[in-house]
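Enquirer: Here it is, the structure, as structure tokens.
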There are 2 protein chains.
Amino acid sequence: MSPQEKQQGTEPMYELLYHPEIPGRGEYIRLVFEATGIPYSDVSNEEYNGYKKVQNLITEANPPAFAPPALLVHGEDYHGKPLVISQTSNILLYLGPKLGLVPEGDEIARYHVNGLAITALDFCSEAHDVHHPIDVEQYYEQQKEEAMKKAKAFTTRRIPKFFGYFETVLKENKEGNGMYLVGKSLTYADTTLWQVLEGIEFAFPKTVAKISKTYPLLSFFRGNIEEHKRLKEYLSSDRRLPFSMGIFRHYPELDA
Amino acid sequence: MSPQEKQQGTEPMYELLYHPEIPGRGEYIRLVFEATGIPYSDVSNEEYNGYKKVQNLITEANPPAFAPPALLVHGEDYHGKPLVISQTSNILLYLGPKLGLVPEGDEIARYHVNGLAITALDFCSEAHDVHHPIDVEQYYEQQKEEAMKKAKAFTTRRIPKFFGYFETVLKENKEGNGMYLVGKSLTYADTTLWQVLEGIEFAFPKTVAKISKTYPLLSFFRGNIEEHKRLKEYLSSDRRLPFSMGIFRHYPELDA
């Protein structure tokens with residue numbers, strides 16, 4: 001729940017249903033609320049037994065969610081139940097126009113924002129698979145040998161490929177001045193890519209340090225997002241969860 | 001180009017930009033055109049030097065596409081260039097309402113269709129990663145040992161998890177009568193899931209044979225899609241490309 005919401009004493013319209021204590025994929029959703037100052041409740045982190053509630057809500061939804069994150073929208077009943085939307089990019093697609101995080105009056109731009117957010121989320125998923133290349137239900141230590149091999153391909157080829165792609169997107173979007181991926185104002189593609197880049201740097205600091213100079217627009221873009229007023233406040237608040245052992249993990253042996 | 005379009009002698013509005021000769025992720029796009037009889041041009045498979053054209057178009061688009069498939073839409077110029085949309089689920093999202101493959105007059109249902117299509121495509125990506133767990137740029141034979149390990153986790157836990165999920169979705173969508181994932185008519189979530197299930201069975205026939213009885217609605221759903229008039233015609237045409245060495249691959253040693 002955001003501070004202003006707590007003061008008002010009303011329930012927020014939006015509930016984020018996600019795992020507790022890690023930024024994970026929930027962070028892509030938190031960022032769009034925080035960037036726009038829209039109240040939301042982060043159920044697992046704010047309510048007693050919140051994660052139990054999350055698990056029930058996502059399995060009881062119709063259609064059920066395959067996995068967190070999901071978004072519960074109060075006041076938007078659907079077939080007699082509160083609306084639950086799942087899949088990260090789908091939640092962002094739903095919230096984008098409502099929070100003013102897609103270019104106004106440009107329907108086509110919404111598809112470009114969605115496509116770029118999906119590509120950033122693919123990059124996130126690949127980063128996860130580096131430490132879990134064989135089996136998501138086993139520990140890293142049980143697949144460390146394979147992870148070392150995958151890390152080599154990821155750090156030498158995949159990171160440069162994604163960095164190069166987004167550098168080009170920034171360059172080609174003339175009206176964005178290196179600050180925005182689409183159009184001339186902040187979209188959820190920007191907040192999503194920014195979070196992925198933060199995660200990549202957390203997990204692979206040496207690799208990123210080594211290649212950053214090759215992608216000057218990407219560095220400029222990152223610095224600019226951090227200066228966004230509301231995001232800056234959020235990033236220094238205790239609502240911002242640090243990376244730890246979630247999707248992005250720092251194992252020095254997997255870095256360059 | 002569809003037969004009716006060839007008769008008319010006009011250029012279709014839509015061009016599918018994808019790799020030649022494999023169904024791959026292009027097939028999710030082909031299926032929505034084929035299911036609705038809307039003309040499209042499959043550039044790589046129909047034009048001389050078509051793949052070269054595909055590669056140029058996707059890198060020259062603004063924003064550029066990260067990878068095929070992409071969709072070029074004639075007559076929908078965007079900033080003075082033909083519109084190109086990329087990312088499979090994003091293309092389907094764009095085409096869904098235009099082709100009548102989302103429930104009519106139900107804005108919310110579009111998010112459910114999108115979420116389910118994304119989950120089906122995640123299943124597709126996981127199936128791909130089974131034969132390429134370490135490095136997409138190396139051959140299967142170079143990562144066969146790791147693929148064997150990943151295949152065990154995929155066939156024993158991930159396939160049942162996804163099958164169980166979609167079985168529940170079909171069960172909970174009462175108005176779909178086991179025939180549709182969302183609502184009471186065909187959506188692109190249905191065609192997408194159907195294609196993924198075809199691919200999973202092609203790649204892992206023993207696994208699917210062993211567990212199919214546990215998911216009766218899923219089997220019913222598959223059979224029903226195949227009886228869809230236009231799809232049935234398409235599936236027996238030479239436009240339908242067989243699975244081979246693309247995303248879904250049949251290596252007997254990776255099956256149960």
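By order of appearance in the structure tokens: chains A, B, ..., then residues from 1 within every chain, and ligands from 1 in the order shown.
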Counting only C-alpha atoms, which residues in chain B sit no more than 6 Å from chain A? For each one, give the nearest pair of atoms and the distance in Å, sorted by chain then residue number, as JSON lines.

Expert:
```
{"residue": "B:Pro63", "atom": "CA", "partner": "A:Val169", "partner_atom": "CA", "distance": 5.6}
{"residue": "B:Gln87", "atom": "CA", "partner": "A:Gly115", "partner_atom": "CA", "distance": 5.6}
{"residue": "B:Asn90", "atom": "CA", "partner": "A:Gly115", "partner_atom": "CA", "distance": 6.0}
{"residue": "B:Gly115", "atom": "CA", "partner": "A:Gln87", "partner_atom": "CA", "distance": 5.6}
{"residue": "B:Pro133", "atom": "CA", "partner": "A:Pro133", "partner_atom": "CA", "distance": 6.0}
{"residue": "B:Ile134", "atom": "CA", "partner": "A:Lys150", "partner_atom": "CA", "distance": 4.6}
{"residue": "B:Asp135", "atom": "CA", "partner": "A:Ala153", "partner_atom": "CA", "distance": 6.0}
{"residue": "B:Lys150", "atom": "CA", "partner": "A:Ile134", "partner_atom": "CA", "distance": 4.6}
{"residue": "B:Ala153", "atom": "CA", "partner": "A:Asp135", "partner_atom": "CA", "distance": 6.0}
{"residue": "B:Val169", "atom": "CA", "partner": "A:Pro63", "partner_atom": "CA", "distance": 5.6}
```

Enquirer: Next, dump the selected residues to file, keeping only N, CA, C and O atoms, as a short mmCIF file (atom, residue, chain, number, x, y, z; two decimals), in the first residue's frame.

Expert:
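Wrote it out as result.cif, contents follow:
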```cif
data_model
loop_
_atom_site.label_atom_id
_atom_site.label_comp_id
_atom_site.auth_asym_id
_atom_site.auth_seq_id
_atom_site.Cartn_x
_atom_site.Cartn_y
_atom_site.Cartn_z
N PRO B 63 10.10 0.28 -34.11
CA PRO B 63 11.31 -0.38 -33.65
C PRO B 63 11.61 -1.65 -34.45
O PRO B 63 10.69 -2.29 -34.93
N GLN B 87 7.02 -10.08 -31.97
CA GLN B 87 6.74 -10.94 -30.81
C GLN B 87 5.42 -11.68 -31.07
O GLN B 87 4.36 -11.07 -31.23
N ASN B 90 2.22 -10.78 -29.33
CA ASN B 90 1.86 -9.40 -29.68
C ASN B 90 1.19 -9.34 -31.05
O ASN B 90 0.22 -8.61 -31.25
N GLY B 115 -3.38 -13.84 -22.04
CA GLY B 115 -2.64 -14.53 -20.96
C GLY B 115 -2.50 -16.02 -21.25
O GLY B 115 -1.43 -16.62 -21.04
N PRO B 133 19.47 -26.85 -24.06
CA PRO B 133 19.48 -26.30 -22.70
C PRO B 133 20.64 -25.35 -22.41
O PRO B 133 20.56 -24.54 -21.50
N ILE B 134 21.70 -25.43 -23.20
CA ILE B 134 22.93 -24.68 -22.88
C ILE B 134 23.15 -23.50 -23.81
O ILE B 134 23.43 -22.40 -23.36
N ASP B 135 23.05 -23.75 -25.12
CA ASP B 135 23.48 -22.73 -26.08
C ASP B 135 22.68 -22.86 -27.37
O ASP B 135 22.80 -23.85 -28.08
N LYS B 150 17.57 -32.50 -18.80
CA LYS B 150 16.45 -31.56 -18.83
C LYS B 150 15.17 -32.26 -19.28
O LYS B 150 14.08 -31.97 -18.78
N ALA B 153 13.22 -33.89 -16.43
CA ALA B 153 12.40 -32.94 -15.66
C ALA B 153 11.19 -32.49 -16.48
O ALA B 153 10.08 -32.37 -15.96
N VAL B 169 -8.39 -25.06 -16.99
CA VAL B 169 -8.95 -23.90 -17.68
C VAL B 169 -10.17 -24.32 -18.51
O VAL B 169 -11.23 -23.67 -18.47
#
```

Enquirer: Can you list, as a PyMOL selection string, every protein, DNA or RNA residue that comes within 12 Å of Glu47 in chain A when you count only C-alpha atoms, leaving out same-chain residues fewer than 5 positions away?

Expert: chain A and resi 1+15-17+20+41-42+52-54

Enquirer: Excluding Val208 in chain B and any residue of its chain fewer than 5 positions from it, enumerate the residues within 10 Å of it, using only C-alpha atoms, and give them as a list in words.

Expert: Thr155, Ile159, Pro160, Phe163, Leu197, Ile200, Glu201, Phe202, Ala203, Lys213, Asp255 and Ala256 of chain B

Enquirer: Restricting the output to N, CA and C atoms, write the selected residues as a PDB file, in the first residue's frame.

Expert:
```pdb
ATOM      1  N   THR B 155       9.595 -34.026 -19.074  1.00  0.00           N
ATOM      2  CA  THR B 155       8.560 -35.042 -19.337  1.00  0.00           C
ATOM      3  C   THR B 155       7.858 -35.510 -18.058  1.00  0.00           C
ATOM      4  N   ILE B 159       5.525 -31.165 -18.426  1.00  0.00           N
ATOM      5  CA  ILE B 159       4.395 -31.505 -19.310  1.00  0.00           C
ATOM      6  C   ILE B 159       3.132 -31.748 -18.483  1.00  0.00           C
ATOM      7  N   PRO B 160       3.186 -32.584 -17.426  1.00  0.00           N
ATOM      8  CA  PRO B 160       1.963 -32.751 -16.620  1.00  0.00           C
ATOM      9  C   PRO B 160       1.464 -31.449 -15.994  1.00  0.00           C
ATOM     10  N   PHE B 163      -0.230 -29.524 -18.889  1.00  0.00           N
ATOM     11  CA  PHE B 163      -1.450 -30.251 -19.275  1.00  0.00           C
ATOM     12  C   PHE B 163      -2.538 -30.053 -18.207  1.00  0.00           C
ATOM     13  N   LEU B 197       0.302 -28.314 -28.420  1.00  0.00           N
ATOM     14  CA  LEU B 197       0.024 -29.714 -28.067  1.00  0.00           C
ATOM     15  C   LEU B 197       0.429 -30.653 -29.204  1.00  0.00           C
ATOM     16  N   ILE B 200       4.201 -30.858 -28.924  1.00  0.00           N
ATOM     17  CA  ILE B 200       4.607 -31.668 -27.764  1.00  0.00           C
ATOM     18  C   ILE B 200       4.429 -33.157 -28.086  1.00  0.00           C
ATOM     19  N   GLU B 201       3.326 -33.488 -28.763  1.00  0.00           N
ATOM     20  CA  GLU B 201       3.111 -34.900 -29.103  1.00  0.00           C
ATOM     21  C   GLU B 201       4.107 -35.383 -30.155  1.00  0.00           C
ATOM     22  N   PHE B 202       4.435 -34.519 -31.100  1.00  0.00           N
ATOM     23  CA  PHE B 202       5.441 -34.874 -32.100  1.00  0.00           C
ATOM     24  C   PHE B 202       6.793 -35.150 -31.423  1.00  0.00           C
ATOM     25  N   ALA B 203       7.165 -34.301 -30.487  1.00  0.00           N
ATOM     26  CA  ALA B 203       8.489 -34.407 -29.858  1.00  0.00           C
ATOM     27  C   ALA B 203       8.545 -35.501 -28.791  1.00  0.00           C
ATOM     28  N   LYS B 213      -4.725 -40.006 -20.983  1.00  0.00           N
ATOM     29  CA  LYS B 213      -5.995 -40.388 -20.365  1.00  0.00           C
ATOM     30  C   LYS B 213      -6.340 -39.543 -19.138  1.00  0.00           C
ATOM     31  N   ASP B 255      12.531 -38.718 -25.008  1.00  0.00           N
ATOM     32  CA  ASP B 255      11.156 -39.056 -24.672  1.00  0.00           C
ATOM     33  C   ASP B 255      11.151 -40.041 -23.490  1.00  0.00           C
ATOM     34  N   ALA B 256      10.005 -40.198 -22.872  1.00  0.00           N
ATOM     35  CA  ALA B 256       9.886 -41.015 -21.640  1.00  0.00           C
ATOM     36  C   ALA B 256      10.401 -42.445 -21.815  1.00  0.00           C
TER      37      ALA B 256
END
```

Enquirer: Which residues in range 99-160 of chain B does DSSP call alpha helix (DSSP H)? List them as an NGL selection string.

Expert: :B and (107-131 or 144-153 or 159-160)

Enquirer: May I have the selected residues written with N, CA and C atoms, as a tab-separated table (two decimals), in the first residue's frame?

Expert:
```
chain	number	residue	atom	x	y	z
B	107	GLU	N	-14.20	-6.81	-23.54
B	107	GLU	CA	-12.84	-6.29	-23.48
B	107	GLU	C	-11.96	-7.12	-22.54
B	108	ILE	N	-12.51	-7.50	-21.41
B	108	ILE	CA	-11.74	-8.24	-20.41
B	108	ILE	C	-11.30	-9.60	-20.95
B	109	ALA	N	-12.18	-10.24	-21.71
B	109	ALA	CA	-11.85	-11.57	-22.24
B	109	ALA	C	-10.59	-11.52	-23.09
B	110	ARG	N	-10.32	-10.35	-23.69
B	110	ARG	CA	-9.11	-10.24	-24.51
B	110	ARG	C	-7.85	-10.45	-23.69
B	111	TYR	N	-7.88	-9.99	-22.44
B	111	TYR	CA	-6.72	-10.19	-21.58
B	111	TYR	C	-6.59	-11.65	-21.17
B	112	HIS	N	-7.72	-12.30	-20.99
B	112	HIS	CA	-7.66	-13.72	-20.65
B	112	HIS	C	-7.12	-14.52	-21.84
B	113	VAL	N	-7.58	-14.18	-23.03
B	113	VAL	CA	-7.09	-14.86	-24.24
B	113	VAL	C	-5.58	-14.62	-24.38
B	114	ASN	N	-5.16	-13.38	-24.20
B	114	ASN	CA	-3.73	-13.05	-24.31
B	114	ASN	C	-2.90	-13.81	-23.27
B	115	GLY	N	-3.38	-13.84	-22.04
B	115	GLY	CA	-2.64	-14.53	-20.96
B	115	GLY	C	-2.50	-16.02	-21.25
B	116	LEU	N	-3.56	-16.63	-21.75
B	116	LEU	CA	-3.51	-18.07	-22.04
B	116	LEU	C	-2.62	-18.36	-23.24
B	117	ALA	N	-2.66	-17.48	-24.25
B	117	ALA	CA	-1.77	-17.67	-25.40
B	117	ALA	C	-0.31	-17.55	-24.95
B	118	ILE	N	-0.02	-16.59	-24.09
B	118	ILE	CA	1.35	-16.43	-23.58
B	118	ILE	C	1.78	-17.68	-22.83
B	119	THR	N	0.90	-18.23	-22.01
B	119	THR	CA	1.26	-19.44	-21.25
B	119	THR	C	1.51	-20.62	-22.20
B	120	ALA	N	0.70	-20.75	-23.24
B	120	ALA	CA	0.93	-21.80	-24.23
B	120	ALA	C	2.28	-21.59	-24.93
B	121	LEU	N	2.60	-20.34	-25.23
B	121	LEU	CA	3.88	-20.05	-25.90
B	121	LEU	C	5.06	-20.27	-24.95
B	122	ASP	N	4.87	-20.05	-23.66
B	122	ASP	CA	5.92	-20.39	-22.69
B	122	ASP	C	6.20	-21.89	-22.71
B	123	PHE	N	5.13	-22.66	-22.81
B	123	PHE	CA	5.23	-24.12	-22.89
B	123	PHE	C	6.06	-24.49	-24.13
B	124	CYS	N	5.78	-23.84	-25.23
B	124	CYS	CA	6.52	-24.03	-26.48
B	124	CYS	C	8.01	-23.73	-26.28
B	125	SER	N	8.31	-22.62	-25.63
B	125	SER	CA	9.71	-22.24	-25.42
B	125	SER	C	10.43	-23.25	-24.54
B	126	GLU	N	9.74	-23.74	-23.52
B	126	GLU	CA	10.36	-24.75	-22.65
B	126	GLU	C	10.66	-26.02	-23.44
B	127	ALA	N	9.74	-26.39	-24.34
B	127	ALA	CA	9.96	-27.59	-25.16
B	127	ALA	C	11.20	-27.41	-26.04
B	128	HIS	N	11.38	-26.21	-26.56
B	128	HIS	CA	12.57	-25.91	-27.35
B	128	HIS	C	13.83	-26.05	-26.50
B	129	ASP	N	13.78	-25.49	-25.29
B	129	ASP	CA	14.97	-25.48	-24.45
B	129	ASP	C	15.40	-26.89	-24.02
B	130	VAL	N	14.48	-27.86	-24.13
B	130	VAL	CA	14.86	-29.23	-23.77
B	130	VAL	C	15.99	-29.72	-24.69
B	131	HIS	N	15.88	-29.45	-25.99
B	131	HIS	CA	16.96	-29.91	-26.88
B	131	HIS	C	18.10	-28.89	-27.02
B	144	LYS	N	23.84	-32.75	-25.81
B	144	LYS	CA	22.92	-33.87	-25.68
B	144	LYS	C	22.84	-34.39	-24.24
B	145	GLU	N	23.97	-34.45	-23.59
B	145	GLU	CA	24.00	-34.97	-22.22
B	145	GLU	C	23.12	-34.11	-21.29
B	146	GLU	N	23.26	-32.79	-21.42
B	146	GLU	CA	22.45	-31.88	-20.61
B	146	GLU	C	20.99	-31.95	-21.03
B	147	ALA	N	20.76	-32.14	-22.34
B	147	ALA	CA	19.38	-32.25	-22.84
B	147	ALA	C	18.68	-33.47	-22.23
B	148	MET	N	19.42	-34.57	-22.07
B	148	MET	CA	18.84	-35.78	-21.48
B	148	MET	C	18.36	-35.50	-20.06
B	149	LYS	N	19.16	-34.75	-19.32
B	149	LYS	CA	18.76	-34.41	-17.93
B	149	LYS	C	17.54	-33.51	-17.92
B	150	LYS	N	17.57	-32.50	-18.80
B	150	LYS	CA	16.45	-31.56	-18.83
B	150	LYS	C	15.17	-32.26	-19.28
B	151	ALA	N	15.32	-33.19	-20.22
B	151	ALA	CA	14.16	-33.92	-20.74
B	151	ALA	C	13.46	-34.69	-19.63
B	152	LYS	N	14.24	-35.21	-18.70
B	152	LYS	CA	13.63	-35.98	-17.60
B	152	LYS	C	12.71	-35.07	-16.78
B	153	ALA	N	13.22	-33.89	-16.43
B	153	ALA	CA	12.40	-32.94	-15.66
B	153	ALA	C	11.19	-32.49	-16.48
B	159	ILE	N	5.52	-31.17	-18.43
B	159	ILE	CA	4.40	-31.51	-19.31
B	159	ILE	C	3.13	-31.75	-18.48
B	160	PRO	N	3.19	-32.58	-17.43
B	160	PRO	CA	1.96	-32.75	-16.62
B	160	PRO	C	1.46	-31.45	-15.99
```

Enquirer: Quick one, how far is CA of Leu31 in chain B from CA of Thr191 in chain B?

Expert: 6.5 Å

Enquirer: Do a neighbour search on Lys98 in chain A at 12 Å with only C-alpha atoms, toss out local chain neighbours closer than 5 positions, and write the hits as a ChimeraX atom specification.

Expert: /A:14,32-33,36,38,91-93,103-104,187-188
